[in-house]
$ cat model02.txt   # compact mmCIF, C-alpha atoms
# COMPACT_ATOMS: atom_id res chain seq x y z
CA MET A 287 154.24 56.37 -129.41
CA THR A 288 154.08 57.65 -125.84
CA VAL A 289 154.58 61.39 -125.58
CA ILE A 290 157.07 62.31 -122.84
CA ALA A 291 156.23 65.83 -121.72
CA CYS A 292 157.45 65.92 -118.12
CA ILE A 293 159.29 63.96 -115.44
CA ASP A 294 156.00 62.44 -114.22
CA ASP A 295 155.58 60.78 -117.63
CA LEU A 296 158.95 59.08 -117.16
CA LYS A 297 157.94 58.06 -113.65
CA ARG A 298 154.84 56.30 -114.96
CA LEU A 299 156.90 54.40 -117.55
CA HIS A 300 159.50 53.53 -114.93
CA ARG A 301 156.81 51.96 -112.78
CA LYS A 302 155.60 49.86 -115.70
CA ARG A 303 159.01 48.68 -116.87
CA ALA A 304 161.10 48.04 -113.73
CA PRO A 305 160.46 45.30 -111.16
CA LYS A 306 158.38 46.43 -108.21
CA MET A 307 161.16 46.15 -105.62
CA PHE A 308 163.47 48.46 -107.58
CA TYR A 309 160.78 50.99 -108.43
CA ASP A 310 159.77 51.01 -104.76
CA TYR A 311 163.42 51.39 -103.74
CA ALA A 312 163.57 54.62 -105.74
CA GLU A 313 160.09 55.87 -104.89
CA SER A 314 160.04 55.62 -101.12
CA GLY A 315 161.15 57.28 -97.92
CA SER A 316 161.76 56.13 -94.38
CA TYR A 317 159.06 55.38 -91.80
CA THR A 318 155.91 57.50 -92.44
CA GLU A 319 157.50 59.16 -95.51
CA GLN A 320 156.56 62.62 -94.24
CA THR A 321 159.89 64.18 -95.23
CA PHE A 322 159.83 62.31 -98.54
CA ARG A 323 156.50 63.97 -99.35
CA ASP A 324 157.46 67.40 -98.01
CA ASN A 325 160.52 67.51 -100.26
CA THR A 326 158.25 67.94 -103.27
CA THR A 327 155.15 69.60 -101.82
CA ASP A 328 157.17 72.40 -100.17
CA PHE A 329 158.38 73.49 -103.60
CA GLU A 330 154.72 74.00 -104.53
CA LYS A 331 154.33 76.60 -101.79
CA ILE A 332 156.75 78.94 -103.57
CA ARG A 333 155.32 81.02 -106.41
CA LEU A 334 157.05 82.69 -109.35
CA ARG A 335 156.92 86.37 -110.30
CA GLN A 336 156.07 86.86 -113.96
CA LYS A 337 157.74 89.77 -115.79
CA VAL A 338 156.70 91.05 -119.21
CA ALA A 339 158.01 93.41 -121.90
CA VAL A 340 161.62 92.40 -121.25
CA ASP A 341 164.22 91.14 -123.71
CA MET A 342 164.17 87.34 -123.47
CA SER A 343 166.69 86.64 -126.24
CA ASN A 344 170.15 85.09 -125.90
CA ARG A 345 169.36 83.16 -122.73
CA SER A 346 171.83 80.91 -120.92
CA VAL A 347 171.33 78.31 -118.21
CA ALA A 348 175.00 77.29 -118.21
CA GLY A 349 177.14 77.62 -115.12
CA THR A 350 179.90 76.00 -113.09
CA MET A 351 180.05 73.56 -110.19
CA ILE A 352 183.31 73.52 -108.18
CA GLY A 353 184.98 75.15 -111.16
CA GLN A 354 183.67 72.65 -113.71
CA PRO A 355 181.61 74.10 -116.59
CA VAL A 356 178.10 72.62 -116.71
CA ALA A 357 175.31 72.88 -119.28
CA MET A 358 172.98 73.77 -116.42
CA PRO A 359 173.54 73.93 -112.64
CA VAL A 360 172.52 70.32 -112.12
CA ALA A 361 174.51 67.20 -111.26
CA LEU A 362 173.34 63.60 -111.16
CA ALA A 363 173.29 62.62 -107.50
CA PRO A 364 174.64 59.29 -106.28
CA VAL A 365 171.92 56.64 -106.20
CA GLY A 366 172.51 53.12 -104.92
CA MET A 367 171.63 50.12 -107.10
CA THR A 368 171.18 52.27 -110.21
CA GLY A 369 172.22 49.25 -112.25
CA MET A 370 169.10 47.43 -111.06
CA GLN A 371 166.77 50.01 -112.64
CA SER A 372 168.21 49.17 -116.04
CA ALA A 373 171.05 46.82 -116.97
CA ASP A 374 174.44 48.60 -116.62
CA GLY A 375 172.49 51.59 -115.34
CA GLU A 376 175.42 53.54 -113.90
CA ILE A 377 177.28 53.34 -117.20
CA LYS A 378 174.18 54.50 -119.08
CA ALA A 379 173.57 57.40 -116.71
CA ALA A 380 177.23 58.47 -116.74
CA ARG A 381 177.35 58.46 -120.53
CA ALA A 382 174.14 60.45 -120.77
CA ALA A 383 175.44 63.01 -118.27
CA GLU A 384 178.78 63.29 -120.07
CA ALA A 385 177.13 63.87 -123.46
CA PHE A 386 174.74 66.43 -121.98
CA GLY A 387 177.44 68.32 -120.10
CA VAL A 388 176.53 67.78 -116.44
CA PRO A 389 178.41 65.85 -113.71
CA PHE A 390 177.62 62.28 -112.77
CA THR A 391 178.22 60.93 -109.25
CA LEU A 392 178.82 57.20 -108.76
CA SER A 393 177.57 55.69 -105.51
CA THR A 394 179.63 53.40 -103.31
CA MET A 395 176.60 51.08 -103.50
CA SER A 396 176.55 50.98 -107.29
CA ILE A 397 176.10 47.88 -109.41
CA CYS A 398 178.70 48.91 -111.99
CA SER A 399 182.10 49.41 -110.39
CA ILE A 400 184.28 52.51 -110.49
CA GLU A 401 186.45 50.78 -113.07
CA ASP A 402 183.41 49.80 -115.19
CA VAL A 403 182.20 53.39 -115.41
CA ALA A 404 185.68 54.77 -116.09
CA ALA A 405 186.16 52.26 -118.93
CA HIS A 406 182.94 53.39 -120.62
CA THR A 407 183.30 57.17 -120.27
CA SER A 408 185.87 59.65 -121.49
CA LYS A 409 185.60 62.44 -118.90
CA PRO A 410 186.11 62.40 -115.12
CA PHE A 411 183.09 61.69 -112.93
CA TRP A 412 182.60 62.15 -109.20
CA PHE A 413 182.65 59.38 -106.62
CA GLN A 414 180.42 59.25 -103.53
CA LEU A 415 181.78 57.60 -100.43
CA TYR A 416 179.91 55.91 -97.60
CA VAL A 417 182.29 55.64 -94.66
CA MET A 418 182.58 52.04 -93.53
CA ARG A 419 184.05 50.54 -90.35
CA ASP A 420 186.57 48.65 -92.50
CA GLU A 421 189.23 51.35 -92.84
CA GLU A 422 191.28 49.28 -95.27
CA PHE A 423 188.29 48.97 -97.59
CA VAL A 424 187.67 52.73 -97.39
CA ASP A 425 191.31 53.56 -98.14
CA ASN A 426 191.33 51.12 -101.04
CA ILE A 427 188.16 52.46 -102.62
CA ILE A 428 189.50 56.02 -102.37
CA ALA A 429 192.66 54.84 -104.11
CA ARG A 430 190.55 53.16 -106.80
CA ALA A 431 188.57 56.37 -107.36
CA LYS A 432 191.81 58.34 -107.71
CA ALA A 433 193.22 55.78 -110.12
CA ALA A 434 190.04 56.02 -112.22
CA GLY A 435 190.47 59.78 -112.50
CA CYS A 436 187.47 60.80 -110.42
CA SER A 437 187.62 64.59 -110.03
CA ALA A 438 185.74 65.02 -106.74
CA LEU A 439 184.84 63.00 -103.67
CA VAL A 440 181.27 63.36 -102.41
CA LEU A 441 181.24 62.33 -98.77
CA THR A 442 177.79 61.35 -97.48
CA LEU A 443 177.38 62.31 -93.83
CA ASP A 444 173.76 61.38 -93.10
CA LEU A 445 173.89 57.59 -93.34
CA GLN A 446 175.92 56.50 -90.35
CA ILE A 447 172.88 54.45 -89.32
CA LEU A 448 170.41 53.22 -91.91
CA GLY A 449 166.88 54.62 -91.74
CA GLN A 450 164.17 51.98 -92.16
CA ARG A 451 162.30 51.96 -95.46
CA HIS A 452 159.22 49.80 -95.01
CA LYS A 453 158.80 48.98 -98.71
CA ASP A 454 162.33 47.58 -98.98
CA LEU A 455 161.69 45.27 -96.01
CA LYS A 456 158.37 44.06 -97.39
CA ASN A 457 159.83 43.52 -100.88
CA GLY A 458 162.88 41.67 -99.55
CA LEU A 459 165.14 44.03 -101.49
CA THR A 460 168.41 42.49 -102.71
CA ALA A 461 170.72 42.87 -105.70
CA PRO A 462 170.33 40.67 -107.60
CA PRO A 463 166.75 39.88 -106.55
CA ARG A 464 166.17 36.55 -104.84
CA LEU A 465 164.22 34.15 -107.02
CA THR A 466 161.15 33.90 -104.80
CA LEU A 467 157.76 33.18 -106.33
CA PRO A 468 156.48 36.79 -105.96
CA ASN A 469 159.68 38.14 -107.54
CA ILE A 470 159.56 35.68 -110.42
CA VAL A 471 155.90 36.47 -111.10
CA ASN A 472 156.61 40.20 -111.07
CA MET A 473 159.70 39.94 -113.28
CA THR A 474 157.79 37.96 -115.91
CA THR A 475 155.77 41.14 -116.51
CA LYS A 476 158.99 43.08 -117.22
CA PRO A 477 160.46 41.23 -120.24
CA ALA A 478 162.69 44.06 -121.49
CA TRP A 479 164.24 44.45 -118.04
CA CYS A 480 164.84 40.70 -117.80
CA MET A 481 166.48 40.56 -121.24
CA GLY A 482 168.75 43.42 -120.28
CA MET A 483 169.82 41.72 -117.07
CA LEU A 484 170.46 38.43 -118.86
CA GLY A 485 172.77 40.30 -121.21
CA THR A 486 175.03 41.76 -118.52
CA ARG A 487 177.40 40.30 -115.93
CA ARG A 488 176.83 43.29 -113.61
CA ARG A 489 174.10 42.25 -111.17
CA SER A 490 175.51 42.92 -107.70
CA PHE A 491 177.49 45.62 -105.90
CA GLY A 492 180.53 46.00 -108.12
CA ASN A 493 182.47 48.23 -105.76
CA ILE A 494 182.22 45.73 -102.91
CA VAL A 495 182.09 42.14 -104.19
CA GLY A 496 185.66 41.01 -104.72
CA HIS A 497 187.04 44.08 -102.93
CA ALA A 498 185.83 43.69 -99.34
CA LYS A 499 187.25 40.88 -97.24
CA GLY A 500 185.00 37.85 -96.99
CA VAL A 501 182.39 39.12 -99.45
CA GLY A 502 181.87 36.62 -102.23
CA ASP A 503 178.13 35.99 -102.47
CA LEU A 504 174.76 37.59 -101.75
CA SER A 505 174.56 36.26 -98.21
CA SER A 506 178.00 37.51 -97.17
CA LEU A 507 177.42 40.82 -98.94
CA THR A 508 174.18 41.45 -97.04
CA SER A 509 175.72 40.74 -93.65
CA TRP A 510 178.82 42.81 -94.45
CA THR A 511 176.76 45.82 -95.57
CA ASN A 512 174.47 45.72 -92.54
CA GLU A 513 177.45 45.84 -90.21
CA GLN A 514 179.69 48.29 -92.03
CA PHE A 515 178.18 51.80 -91.96
CA ASP A 516 180.33 53.68 -89.46
CA PRO A 517 178.32 55.22 -86.58
CA GLN A 518 181.50 56.86 -85.26
CA LEU A 519 182.02 59.12 -88.28
CA ASP A 520 183.01 62.55 -86.97
CA TRP A 521 184.99 65.60 -88.12
CA GLY A 522 188.26 63.95 -87.18
CA LYS A 523 187.55 61.04 -89.51
CA ILE A 524 186.37 63.44 -92.22
CA ALA A 525 189.71 65.26 -91.96
CA ARG A 526 191.56 61.94 -92.36
CA LEU A 527 189.55 61.15 -95.46
CA ARG A 528 190.23 64.59 -96.94
CA GLU A 529 193.95 64.06 -96.46
CA LYS A 530 193.71 60.59 -97.99
CA TRP A 531 191.77 61.93 -100.99
CA GLY A 532 193.84 65.06 -101.57
CA GLY A 533 191.37 66.61 -104.02
CA LYS A 534 188.06 68.43 -104.13
CA MET A 535 185.66 67.29 -101.41
CA ILE A 536 181.91 67.82 -101.29
CA LEU A 537 179.96 67.17 -98.08
CA LYS A 538 176.47 65.77 -98.59
CA GLY A 539 173.68 65.62 -96.04
CA ILE A 540 173.84 69.10 -94.47
CA LEU A 541 170.46 70.07 -93.00
CA ASP A 542 171.38 72.46 -90.22
CA ALA A 543 172.98 75.94 -90.26
CA ASP A 544 175.47 75.02 -87.52
CA ASP A 545 176.61 71.98 -89.50
CA ALA A 546 176.88 74.18 -92.59
CA ARG A 547 179.15 76.60 -90.72
CA ARG A 548 181.30 73.72 -89.51
CA ALA A 549 181.55 72.37 -93.08
CA ALA A 550 182.49 75.79 -94.43
CA ASP A 551 185.13 76.26 -91.72
CA PHE A 552 186.41 72.78 -92.55
CA GLY A 553 187.05 73.96 -96.09
CA ALA A 554 184.52 71.91 -98.05
CA ASP A 555 184.52 72.84 -101.72
CA ALA A 556 180.74 72.50 -101.68
CA ILE A 557 178.00 71.37 -99.33
CA ILE A 558 174.85 69.60 -100.39
CA VAL A 559 171.69 70.57 -98.54
CA SER A 560 170.00 67.18 -98.47
CA ASN A 561 167.89 64.89 -96.30
CA HIS A 562 168.80 61.85 -98.40
CA GLY A 563 165.60 62.15 -100.37
CA GLY A 564 163.55 61.64 -97.22
CA ARG A 565 165.12 58.22 -96.73
CA GLN A 566 166.88 58.81 -93.41
CA LEU A 567 165.46 61.09 -90.66
CA ASP A 568 161.72 61.08 -91.25
CA GLY A 569 160.24 64.24 -89.74
CA ALA A 570 163.18 66.42 -90.76
CA LEU A 571 162.43 69.57 -92.72
CA SER A 572 162.48 69.47 -96.50
CA SER A 573 165.68 70.60 -98.18
CA ILE A 574 164.07 73.63 -99.82
CA ARG A 575 162.55 74.79 -96.52
CA ILE A 576 165.88 74.61 -94.66
CA LEU A 577 167.86 76.16 -97.53
CA PRO A 578 167.35 79.86 -96.58
CA SER A 579 168.89 79.44 -93.13
CA ILE A 580 171.93 77.71 -94.60
CA VAL A 581 172.29 80.38 -97.27
CA ALA A 582 172.19 83.03 -94.55
CA ALA A 583 174.87 81.16 -92.59
CA VAL A 584 177.49 80.34 -95.24
CA LYS A 585 176.72 81.98 -98.60
CA GLY A 586 179.98 82.92 -100.28
CA GLN A 587 182.11 80.72 -98.00
CA THR A 588 181.46 77.49 -99.88
CA GLU A 589 179.24 76.43 -102.77
CA ILE A 590 175.73 75.49 -101.66
CA TRP A 591 173.86 72.88 -103.66
CA LEU A 592 170.34 71.63 -103.06
CA ASP A 593 169.32 67.97 -103.34
CA SER A 594 166.01 66.21 -102.60
CA GLY A 595 162.63 66.99 -104.12
CA ILE A 596 163.50 68.39 -107.56
CA ARG A 597 161.10 67.13 -110.19
CA SER A 598 161.02 70.03 -112.68
CA GLY A 599 162.93 72.92 -114.14
CA GLN A 600 160.71 75.20 -112.06
CA ASP A 601 162.02 73.48 -108.93
CA ILE A 602 165.59 74.07 -110.09
CA LEU A 603 164.83 77.75 -110.66
CA LYS A 604 163.23 78.08 -107.23
CA ALA A 605 166.24 76.50 -105.54
CA LEU A 606 168.65 78.81 -107.37
CA ALA A 607 166.52 81.87 -106.66
CA MET A 608 166.41 80.89 -102.98
CA GLY A 609 170.20 81.07 -102.88
CA ALA A 610 171.53 77.67 -103.97
CA ASP A 611 174.51 77.79 -106.31
CA ALA A 612 173.49 74.54 -108.00
CA THR A 613 171.31 71.47 -107.59
CA MET A 614 171.45 67.69 -107.71
CA ILE A 615 168.83 65.30 -109.02
CA GLY A 616 168.27 61.66 -108.11
CA ARG A 617 164.79 60.33 -108.73
CA SER A 618 164.22 62.61 -111.75
CA TYR A 619 166.93 60.85 -113.74
CA ILE A 620 166.26 57.42 -112.21
CA TYR A 621 162.71 57.59 -113.57
CA GLY A 622 164.19 58.19 -117.02
CA LEU A 623 166.70 55.37 -116.66
CA GLY A 624 164.07 52.88 -115.53
CA ALA A 625 161.74 53.99 -118.30
CA MET A 626 164.08 54.17 -121.30
CA GLY A 627 167.67 53.44 -120.30
CA GLN A 628 170.34 55.93 -121.36
CA ALA A 629 167.91 57.70 -123.69
CA GLY A 630 165.58 58.19 -120.73
CA VAL A 631 168.28 59.92 -118.69
CA THR A 632 168.95 62.23 -121.62
CA THR A 633 165.22 62.88 -121.94
CA ALA A 634 164.97 63.76 -118.24
CA LEU A 635 167.85 66.24 -118.57
CA GLU A 636 166.34 67.77 -121.70
CA ILE A 637 162.99 68.20 -119.96
CA LEU A 638 164.55 69.89 -116.95
CA LYS A 639 166.72 72.19 -119.06
CA LYS A 640 163.82 73.26 -121.28
CA GLU A 641 161.57 73.91 -118.27
CA LEU A 642 164.32 75.88 -116.53
CA ASP A 643 165.02 77.95 -119.63
CA ILE A 644 161.38 78.81 -120.41
CA THR A 645 160.51 79.52 -116.78
CA MET A 646 163.56 81.76 -116.44
CA ALA A 647 162.50 83.73 -119.52
CA LEU A 648 158.94 84.19 -118.26
CA CYS A 649 160.38 85.46 -114.98
CA GLY A 650 162.20 88.13 -116.99
CA GLU A 651 165.72 86.73 -116.70
CA ARG A 652 168.24 85.71 -119.36
CA ASP A 653 170.94 84.11 -117.19
CA VAL A 654 170.63 81.73 -114.25
CA ALA A 655 173.32 83.72 -112.47
CA ALA A 656 170.86 86.62 -112.18
CA LEU A 657 168.17 84.62 -110.39
CA GLY A 658 167.29 85.70 -106.86
CA ARG A 659 164.52 86.19 -104.33
CA HIS A 660 163.17 89.00 -106.53
CA ASN A 661 161.93 86.24 -108.88
CA LEU A 662 159.86 84.55 -106.18
CA LEU A 663 156.82 85.01 -103.99
CA VAL A 664 157.60 83.12 -100.79
CA PRO A 665 155.10 82.69 -97.93
CA LYS A 666 156.12 84.74 -94.91
CA ASP A 667 155.99 81.63 -92.73
CA PHE A 668 157.81 79.39 -95.26
CA GLU A 669 160.79 78.68 -93.02
CA GLY A 670 158.47 78.14 -90.03
CA ASP A 671 158.53 79.62 -86.56
CA TRP A 672 159.88 76.66 -84.64
CA ALA A 673 160.33 76.63 -80.87
$ encode --input "model02.txt" --output "structure tokens"
Amino acid sequence: MTVIACIDDLKRLHRKRAPKMFYDYAESGSYTEQTFRDNTTDFEKIRLRQKVAVDMSNRSVAGTMIGQPVAMPVALAPVGMTGMQSADGEIKAARAAEAFGVPFTLSTMSICSIEDVAAHTSKPFWFQLYVMRDEEFVDNIIARAKAAGCSALVLTLDLQILGQRHKDLKNGLTAPPRLTLPNIVNMTTKPAWCMGMLGTRRRSFGNIVGHAKGVGDLSSLTSWTNEQFDPQLDWGKIARLREKWGGKMILKGILDADDARRAADFGADAIIVSNHGGRQLDGALSSIRILPSIVAAVKGQTEIWLDSGIRSGQDILKALAMGADATMIGRSYIYGLGAMGQAGVTTALEILKKELDITMALCGERDVAALGRHNLLVPKDFEGDWA
């Protein structure tokens, strides 16, 4: 039996068990992938301060996110096409998150629909919205999320225009995959994945097909999606969406202190410091490197969460000690899902929690709420001296 000791072990299994186009979809960035790489390597530049001869008993990594109790300050980030990593993937991930005690966020571009996930879970989840040109579709999907009992709206701000991911172009990425010879040959080496997909009816974008005007097949879906991301999204439209939603709103894709101030003034319940996992503006700073300036700008005015680059419990601790109130993970749980389905998501969460707990203890702390810069050794030039 394969021993799963860390997130990288799940990543290796994911690569073996999922078709190439869907593994590549998860494990890629835009253009040169510089920001994609920096998201993880910049965490390595931060060191931890070990403390000894302190009481390490009765530790707790529990916390809250927008008032919701969480087993650890981690939420599952929205990831498109999660249901292509494993059959019914969004349902599996949501159920794993619910059982573990952390929030799950469903993407607009999910395979399982809002209604599918709501029917297979017992607690509210969050819904992530991409703003489309079709205002009627946007209003309807917000209404559907409200009807399903979603407890927060995560509004993604950094995908008004789609960044190019070379691997997706070369693989001819679609959901479901087109039955080309290379795809067929590759899928024959993934028998468990194929059996799972044969056993489900959920193989395309469940929130869009049958809900957007004129979208009834793969061809019409592709053309609709390519035309629909709204390049005119601004604060006026965000205000309209907040009024339409009427509940807790989280703004995702903040990577600048001025934008963070604007979001805080706007009244966001939380902001997510994120560069979309390095999948949008290649050459942007990593999330962890930009975090200190955003903490300095708006700490205490809104919750600050960090997304992009987290692959370990040590990374979570570093983000919290650098001033984040919580974190979000994407690839770390997707690796688990692609490797082992729902059990793999649970395994990923267990790994991260155990690493966070042990690292926190060795840093001399018993509660994540006590973490701070005193637990870290940060290079003096970490934030950079940019002209």
$ residues_around --input "model02.txt" --residues "Trp591 of chain A" --least-positions-apart "5" --cutoff "6 Å" --atoms "all atoms listed in the file" --output "list in words"
Ile558, Ala610, Asp611, Ala612 and Thr613 of chain A
$ write_last_selection --input "model02.txt" --atoms "C-alpha atoms" --output "short mmCIF file (atom, residue, chain, number, x, y, z; two decimals), in the frame of the given file"
data_model
loop_
_atom_site.label_atom_id
_atom_site.label_comp_id
_atom_site.auth_asym_id
_atom_site.auth_seq_id
_atom_site.Cartn_x
_atom_site.Cartn_y
_atom_site.Cartn_z
CA ILE A 558 174.85 69.60 -100.39
CA ALA A 610 171.53 77.67 -103.97
CA ASP A 611 174.51 77.79 -106.31
CA ALA A 612 173.49 74.54 -108.00
CA THR A 613 171.31 71.47 -107.59
#
$ residues_around --input "model02.txt" --residues "Ala546 of chain A" --least-positions-apart "6" --cutoff "9 Å" --atoms "only C-alpha atoms" --output "ChimeraX atom specification"
/A:540,557,559,580,583-584
$ closest_residue --input "model02.txt" --among "A:Lys432, A:His452, A:Arg335, A:His562" --to "Gly533 of chain A" --atoms "all atoms listed in the file"
A:Lys432
$ atom_distance --input "model02.txt" --atom1 "atom CA of Ser594 of chain A" --atom2 "atom CA of Phe322 of chain A"
8.4 Å
$ closest_residue --input "model02.txt" --among "A:Gly595, A:Gly627, A:Gly622, A:Pro463" --to "Lys297 of chain A" --atoms "all atoms listed in the file"
A:Gly622
$ closest_atom_pairs --input "model02.txt" --of "segment 483-598 of chain A" --to "segment 366-386 of chain A" --cutoff "8 Å" --atoms "only C-alpha atoms" --output "Markdown table"
| residue | atom | partner | partner_atom | distance |
| --- | --- | --- | --- | --- |
| A:Met483 | CA | A:Ala373 | CA | 5.2 |
| A:Gly485 | CA | A:Ala373 | CA | 8.0 |
| A:Thr486 | CA | A:Ala373 | CA | 6.6 |
| A:Arg488 | CA | A:Asp374 | CA | 6.6 |
| A:Arg489 | CA | A:Met370 | CA | 7.2 |
| A:Phe491 | CA | A:Met367 | CA | 7.5 |
$ atom_distance --input "model02.txt" --atom1 "atom CA of Glu636 of chain A" --atom2 "atom CA of Arg298 of chain A"
17.6 Å
$ closest_residue --input "model02.txt" --among "A:Val501, A:Met614, A:Gly609, A:Asp542" --to "Pro389 of chain A" --atoms "all atoms listed in the file"
A:Met614
$ build_atoms --input "model02.txt" --residues "segment 475-483 of chain A" --atoms "all heavy atoms" --output "compact mmCIF listing (two decimals), in the coordinates of the input"
# COMPACT_ATOMS: atom_id res chain seq x y z
N THR A 475 156.52 40.03 -115.90
CA THR A 475 155.77 41.14 -116.51
C THR A 475 156.69 42.26 -116.97
O THR A 475 156.20 43.27 -117.47
CB THR A 475 154.74 41.70 -115.52
OG1 THR A 475 155.42 42.35 -114.43
CG2 THR A 475 153.84 40.61 -114.96
N LYS A 476 158.01 42.07 -116.82
CA LYS A 476 158.99 43.08 -117.22
C LYS A 476 160.00 42.45 -118.18
O LYS A 476 161.20 42.34 -117.89
CB LYS A 476 159.74 43.64 -116.00
CG LYS A 476 158.88 43.88 -114.77
CD LYS A 476 157.89 45.01 -114.97
CE LYS A 476 157.05 45.21 -113.69
NZ LYS A 476 156.02 46.25 -113.85
N PRO A 477 159.57 42.00 -119.36
CA PRO A 477 160.46 41.23 -120.24
C PRO A 477 161.68 42.00 -120.72
O PRO A 477 162.77 41.44 -120.82
CB PRO A 477 159.55 40.84 -121.41
CG PRO A 477 158.43 41.84 -121.37
CD PRO A 477 158.22 42.15 -119.92
N ALA A 478 161.54 43.28 -121.02
CA ALA A 478 162.69 44.06 -121.49
C ALA A 478 163.75 44.18 -120.40
O ALA A 478 164.96 44.07 -120.66
CB ALA A 478 162.24 45.44 -121.96
N TRP A 479 163.30 44.37 -119.16
CA TRP A 479 164.24 44.45 -118.04
C TRP A 479 164.98 43.12 -117.88
O TRP A 479 166.20 43.09 -117.71
CB TRP A 479 163.49 44.79 -116.76
CG TRP A 479 164.36 44.96 -115.54
CD1 TRP A 479 164.94 46.10 -115.10
CD2 TRP A 479 164.76 43.92 -114.63
NE1 TRP A 479 165.69 45.86 -113.96
CE2 TRP A 479 165.59 44.53 -113.66
CE3 TRP A 479 164.51 42.56 -114.54
CZ2 TRP A 479 166.16 43.81 -112.60
CZ3 TRP A 479 165.08 41.83 -113.49
CH2 TRP A 479 165.89 42.46 -112.54
N CYS A 480 164.23 42.03 -117.95
CA CYS A 480 164.84 40.70 -117.80
C CYS A 480 165.87 40.43 -118.90
O CYS A 480 166.95 39.90 -118.63
CB CYS A 480 163.76 39.62 -117.82
SG CYS A 480 162.69 39.63 -116.37
N MET A 481 165.54 40.78 -120.14
CA MET A 481 166.48 40.56 -121.24
C MET A 481 167.75 41.37 -121.03
O MET A 481 168.86 40.90 -121.29
CB MET A 481 165.82 40.93 -122.57
CG MET A 481 164.73 39.96 -123.00
SD MET A 481 165.34 38.28 -123.24
CE MET A 481 166.43 38.52 -124.66
N GLY A 482 167.59 42.59 -120.55
CA GLY A 482 168.75 43.42 -120.28
C GLY A 482 169.64 42.81 -119.22
O GLY A 482 170.87 42.78 -119.36
N MET A 483 169.05 42.30 -118.15
CA MET A 483 169.82 41.72 -117.07
C MET A 483 170.49 40.40 -117.49
O MET A 483 171.60 40.09 -117.04
CB MET A 483 168.93 41.48 -115.85
CG MET A 483 168.55 42.74 -115.12
SD MET A 483 170.02 43.58 -114.45
CE MET A 483 169.31 45.18 -114.05
